[in-house]
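Report on the following structure.
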Amino acid sequence: MPELHQNGPSTISGCSALRFEALAPLGVENSDSERWLDVAAGASGYLWGLGAAVIWSGWWTVTRLGVADGLPATDLAAVRFGISGLLLLPLAWRERQAIRLVAPRLLFFMAAGAGAPYALVAGTGVKLTSAGVGGAITVGLLPVFTLILSALVLREAVTRILAAGIACILLGAACVAAGAWDGARGGYGLALFVVGALMWAGYTVSLRRAGLQPLTATAVVCVASLAFYTPVWLVSSGSARLFTAAPADLLLQALYQSLLSAIGALYCYGQAIGRLGATRASVFAAVVPLFSVIIAAVVLRESPGAIDLCGAALLSAGAIVAARSQPSGR
């Protein structure tokens, strides 16, 4: 049965394993009950992963819209974590004892990998290239880096099917990079997307190792960014530029960046990690590339070439193949 790394007895949707056994049909052995729980946990993990993937797919386009409207990545990060950090501050305080039990280095990698530093890296990359390429490269390469870190840190096993899926993902990423290459500017943007993928992989593995509940982990990321990034932003940039943006644009960024992206997507992703494991959850997220390219083409009128579409399709196909592998040790 997959570990859910919660503080206390292992639970699924708040119900203890003992309670599930009590609800099992008469005559069903414990092993059958456990297999049923495995299937239920895995199915719910895919649903949570799908929720995160849908939000991520739109994030790249929404961020590109913000940058085009004159809001730099620094301001977007402040909006994202200023609001979400304040909303989750009471939860972080309530769960402070559980958070203190986590190694400081894990908390650091969680906050850096999914917090303000990542938002700055990804937002700057989107400004230099395009939303579709950002979603394809960053989320597409996430399973590759997560696989490497999981094998080194978590000792997760690597199946042949998973390796084949990762190889397909790498080929797709190469196609997208080749199609998006546009001199030094495009090269810098691609490099930032690769760094962003590595940062998210660090968050994924650290969360798995920390064992915090998904919403508590989300609070750690958002509150840490509120505490360490927002004061620096206020002193260096200030909030004046925010009020020069159109009210509708600012409202869109506030709702999507803070509620959906910072809180909703992180919570969904944390649930997927708890049910599927770090590697399989990250692989599922790689279906985002194709969605992000399509959304960017429809909303931003970006025109992906044949090689870009082929690369995005390979990334998503690799994710599907790898996700069908047997659960690795976790």
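Letters for chains follow the order of the structure tokens (A, B, ...), residue numbers begin at 1 for each chain, and ligand numbers begin at 1 in the order shown.
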
With only C-alpha atoms as the counted atoms, please give the residues lying no more than 7 Å from Leu226 (chain A), apart from itself and same-chain residues fewer than 2 positions off, as a VMD selection string.
chain A and resid 81 to 82 85 222 to 224 228 to 230

Within 9 Å of Ala164 (chain A), counting only C-alpha atoms, which residues qualify if same-chain residues fewer than 5 places away don't, as an NGL selection string?
:A and (159 or 169 or 318 or 321-322)

Rounded to one decimal, what separation in Å do you get between CA of Phe109 (chain A) and CA of Ala265 (chain A)?
17.7 Å

Looking at A:Ala197, A:Leu242, A:Ala177, A:Ala278, which one is nearest to Ala157 (chain A), with distances taken over only C-alpha atoms?
A:Ala278

Write out as a VMD selection string which residues come within 9 Å of Ala217 (chain A) when counting only C-alpha atoms, dropping same-chain ones fewer than 4 positions away.
chain A and resid 92 99 107 110 207 210 to 213 221 to 222 266 to 267 270

Quick check, in Å to one decimal: how far apart do CA of Gly189 (chain A) and CA of Cys268 (chain A) lie?
27.3 Å

Any idea what's packed within 10 Å of Leu65 (chain A), counting only C-alpha atoms, ignoring anything in its chain fewer than 3 positions away? Could you give it as an NGL selection string?
:A and (59-62 or 68-71 or 126-127 or 131 or 249 or 252-253 or 296 or 299-300)

Filtered DSSP result for region 143-175 of chain A, state alpha helix (DSSP H), as a PDB file with N, CA and C atoms, in the first residue's frame:
```pdb
ATOM      1  N   PRO A 143       9.959  15.335 -15.130  1.00  0.00           N
ATOM      2  CA  PRO A 143      10.124  13.917 -14.777  1.00  0.00           C
ATOM      3  C   PRO A 143      11.563  13.425 -14.883  1.00  0.00           C
ATOM      4  N   VAL A 144      12.332  13.985 -15.809  1.00  0.00           N
ATOM      5  CA  VAL A 144      13.717  13.543 -15.992  1.00  0.00           C
ATOM      6  C   VAL A 144      14.532  13.866 -14.744  1.00  0.00           C
ATOM      7  N   PHE A 145      14.454  15.109 -14.309  1.00  0.00           N
ATOM      8  CA  PHE A 145      15.216  15.513 -13.126  1.00  0.00           C
ATOM      9  C   PHE A 145      14.674  14.838 -11.867  1.00  0.00           C
ATOM     10  N   THR A 146      13.360  14.659 -11.795  1.00  0.00           N
ATOM     11  CA  THR A 146      12.783  13.986 -10.634  1.00  0.00           C
ATOM     12  C   THR A 146      13.232  12.537 -10.569  1.00  0.00           C
ATOM     13  N   LEU A 147      13.306  11.882 -11.727  1.00  0.00           N
ATOM     14  CA  LEU A 147      13.781  10.501 -11.777  1.00  0.00           C
ATOM     15  C   LEU A 147      15.197  10.398 -11.240  1.00  0.00           C
ATOM     16  N   ILE A 148      16.057  11.296 -11.661  1.00  0.00           N
ATOM     17  CA  ILE A 148      17.448  11.279 -11.214  1.00  0.00           C
ATOM     18  C   ILE A 148      17.539  11.505  -9.703  1.00  0.00           C
ATOM     19  N   LEU A 149      16.830  12.541  -9.221  1.00  0.00           N
ATOM     20  CA  LEU A 149      16.880  12.848  -7.792  1.00  0.00           C
ATOM     21  C   LEU A 149      16.223  11.754  -6.958  1.00  0.00           C
ATOM     22  N   ARG A 160      11.829  -0.432 -16.943  1.00  0.00           N
ATOM     23  CA  ARG A 160      12.143  -0.229 -18.357  1.00  0.00           C
ATOM     24  C   ARG A 160      11.119   0.668 -19.040  1.00  0.00           C
ATOM     25  N   ILE A 161       9.849   0.486 -18.669  1.00  0.00           N
ATOM     26  CA  ILE A 161       8.808   1.320 -19.274  1.00  0.00           C
ATOM     27  C   ILE A 161       9.003   2.773 -18.889  1.00  0.00           C
ATOM     28  N   LEU A 162       9.342   3.003 -17.619  1.00  0.00           N
ATOM     29  CA  LEU A 162       9.585   4.364 -17.160  1.00  0.00           C
ATOM     30  C   LEU A 162      10.769   4.972 -17.900  1.00  0.00           C
ATOM     31  N   ALA A 163      11.831   4.191 -18.070  1.00  0.00           N
ATOM     32  CA  ALA A 163      13.005   4.684 -18.795  1.00  0.00           C
ATOM     33  C   ALA A 163      12.665   5.008 -20.245  1.00  0.00           C
ATOM     34  N   ALA A 164      11.824   4.179 -20.874  1.00  0.00           N
ATOM     35  CA  ALA A 164      11.414   4.443 -22.257  1.00  0.00           C
ATOM     36  C   ALA A 164      10.616   5.738 -22.346  1.00  0.00           C
ATOM     37  N   GLY A 165       9.742   5.949 -21.375  1.00  0.00           N
ATOM     38  CA  GLY A 165       8.974   7.189 -21.357  1.00  0.00           C
ATOM     39  C   GLY A 165       9.869   8.405 -21.191  1.00  0.00           C
ATOM     40  N   ILE A 166      10.851   8.304 -20.314  1.00  0.00           N
ATOM     41  CA  ILE A 166      11.787   9.410 -20.088  1.00  0.00           C
ATOM     42  C   ILE A 166      12.585   9.704 -21.368  1.00  0.00           C
ATOM     43  N   ALA A 167      12.988   8.659 -22.078  1.00  0.00           N
ATOM     44  CA  ALA A 167      13.720   8.855 -23.333  1.00  0.00           C
ATOM     45  C   ALA A 167      12.858   9.594 -24.353  1.00  0.00           C
ATOM     46  N   CYS A 168      11.595   9.248 -24.419  1.00  0.00           N
ATOM     47  CA  CYS A 168      10.664   9.935 -25.328  1.00  0.00           C
ATOM     48  C   CYS A 168      10.515  11.402 -24.919  1.00  0.00           C
ATOM     49  N   ILE A 169      10.475  11.660 -23.624  1.00  0.00           N
ATOM     50  CA  ILE A 169      10.375  13.033 -23.124  1.00  0.00           C
ATOM     51  C   ILE A 169      11.601  13.842 -23.519  1.00  0.00           C
ATOM     52  N   LEU A 170      12.782  13.244 -23.385  1.00  0.00           N
ATOM     53  CA  LEU A 170      14.014  13.956 -23.763  1.00  0.00           C
ATOM     54  C   LEU A 170      14.031  14.284 -25.251  1.00  0.00           C
ATOM     55  N   LEU A 171      13.584  13.351 -26.072  1.00  0.00           N
ATOM     56  CA  LEU A 171      13.524  13.600 -27.507  1.00  0.00           C
ATOM     57  C   LEU A 171      12.550  14.734 -27.818  1.00  0.00           C
ATOM     58  N   GLY A 172      11.402  14.730 -27.146  1.00  0.00           N
ATOM     59  CA  GLY A 172      10.435  15.796 -27.348  1.00  0.00           C
ATOM     60  C   GLY A 172      10.971  17.146 -26.916  1.00  0.00           C
ATOM     61  N   ALA A 173      11.679  17.186 -25.781  1.00  0.00           N
ATOM     62  CA  ALA A 173      12.264  18.443 -25.312  1.00  0.00           C
ATOM     63  C   ALA A 173      13.293  18.975 -26.302  1.00  0.00           C
ATOM     64  N   ALA A 174      14.080  18.075 -26.903  1.00  0.00           N
ATOM     65  CA  ALA A 174      15.063  18.487 -27.906  1.00  0.00           C
ATOM     66  C   ALA A 174      14.373  19.100 -29.120  1.00  0.00           C
ATOM     67  N   CYS A 175      13.243  18.526 -29.532  1.00  0.00           N
ATOM     68  CA  CYS A 175      12.498  19.067 -30.685  1.00  0.00           C
ATOM     69  C   CYS A 175      11.965  20.457 -30.378  1.00  0.00           C
TER      70      CYS A 175
END
```

Nearest residue to Thr138 (chain A) from the set A:Ala103, A:Val288, A:Ala240, A:Leu152 (distances using only C-alpha atoms)
A:Val288

For Leu255 (chain A), work out the shell of residues within 12 Å, counting only C-alpha atoms and skipping chain neighbours fewer than 2 positions away, then give it as a count of residues only.
25

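Distances to Arg280 (chain A) were evaluated for A:Ile320, A:Ala122, A:Leu101, A:Val153 using only C-alpha atoms, and the minimum falls at A:Ile320.
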
Identify which of the residues A:Ala98, A:Val133, A:Ile273, A:Ala178 lies closest to Pro289 (chain A), counting only C-alpha atoms when measuring atom-to-atom distances.
A:Val133

Residues within 12 Å of Arg94 (chain A), only C-alpha atoms, excluding chain neighbours under 4 positions, as a ChimeraX atom specification
/A:88-90,98-100,215-216,219-220
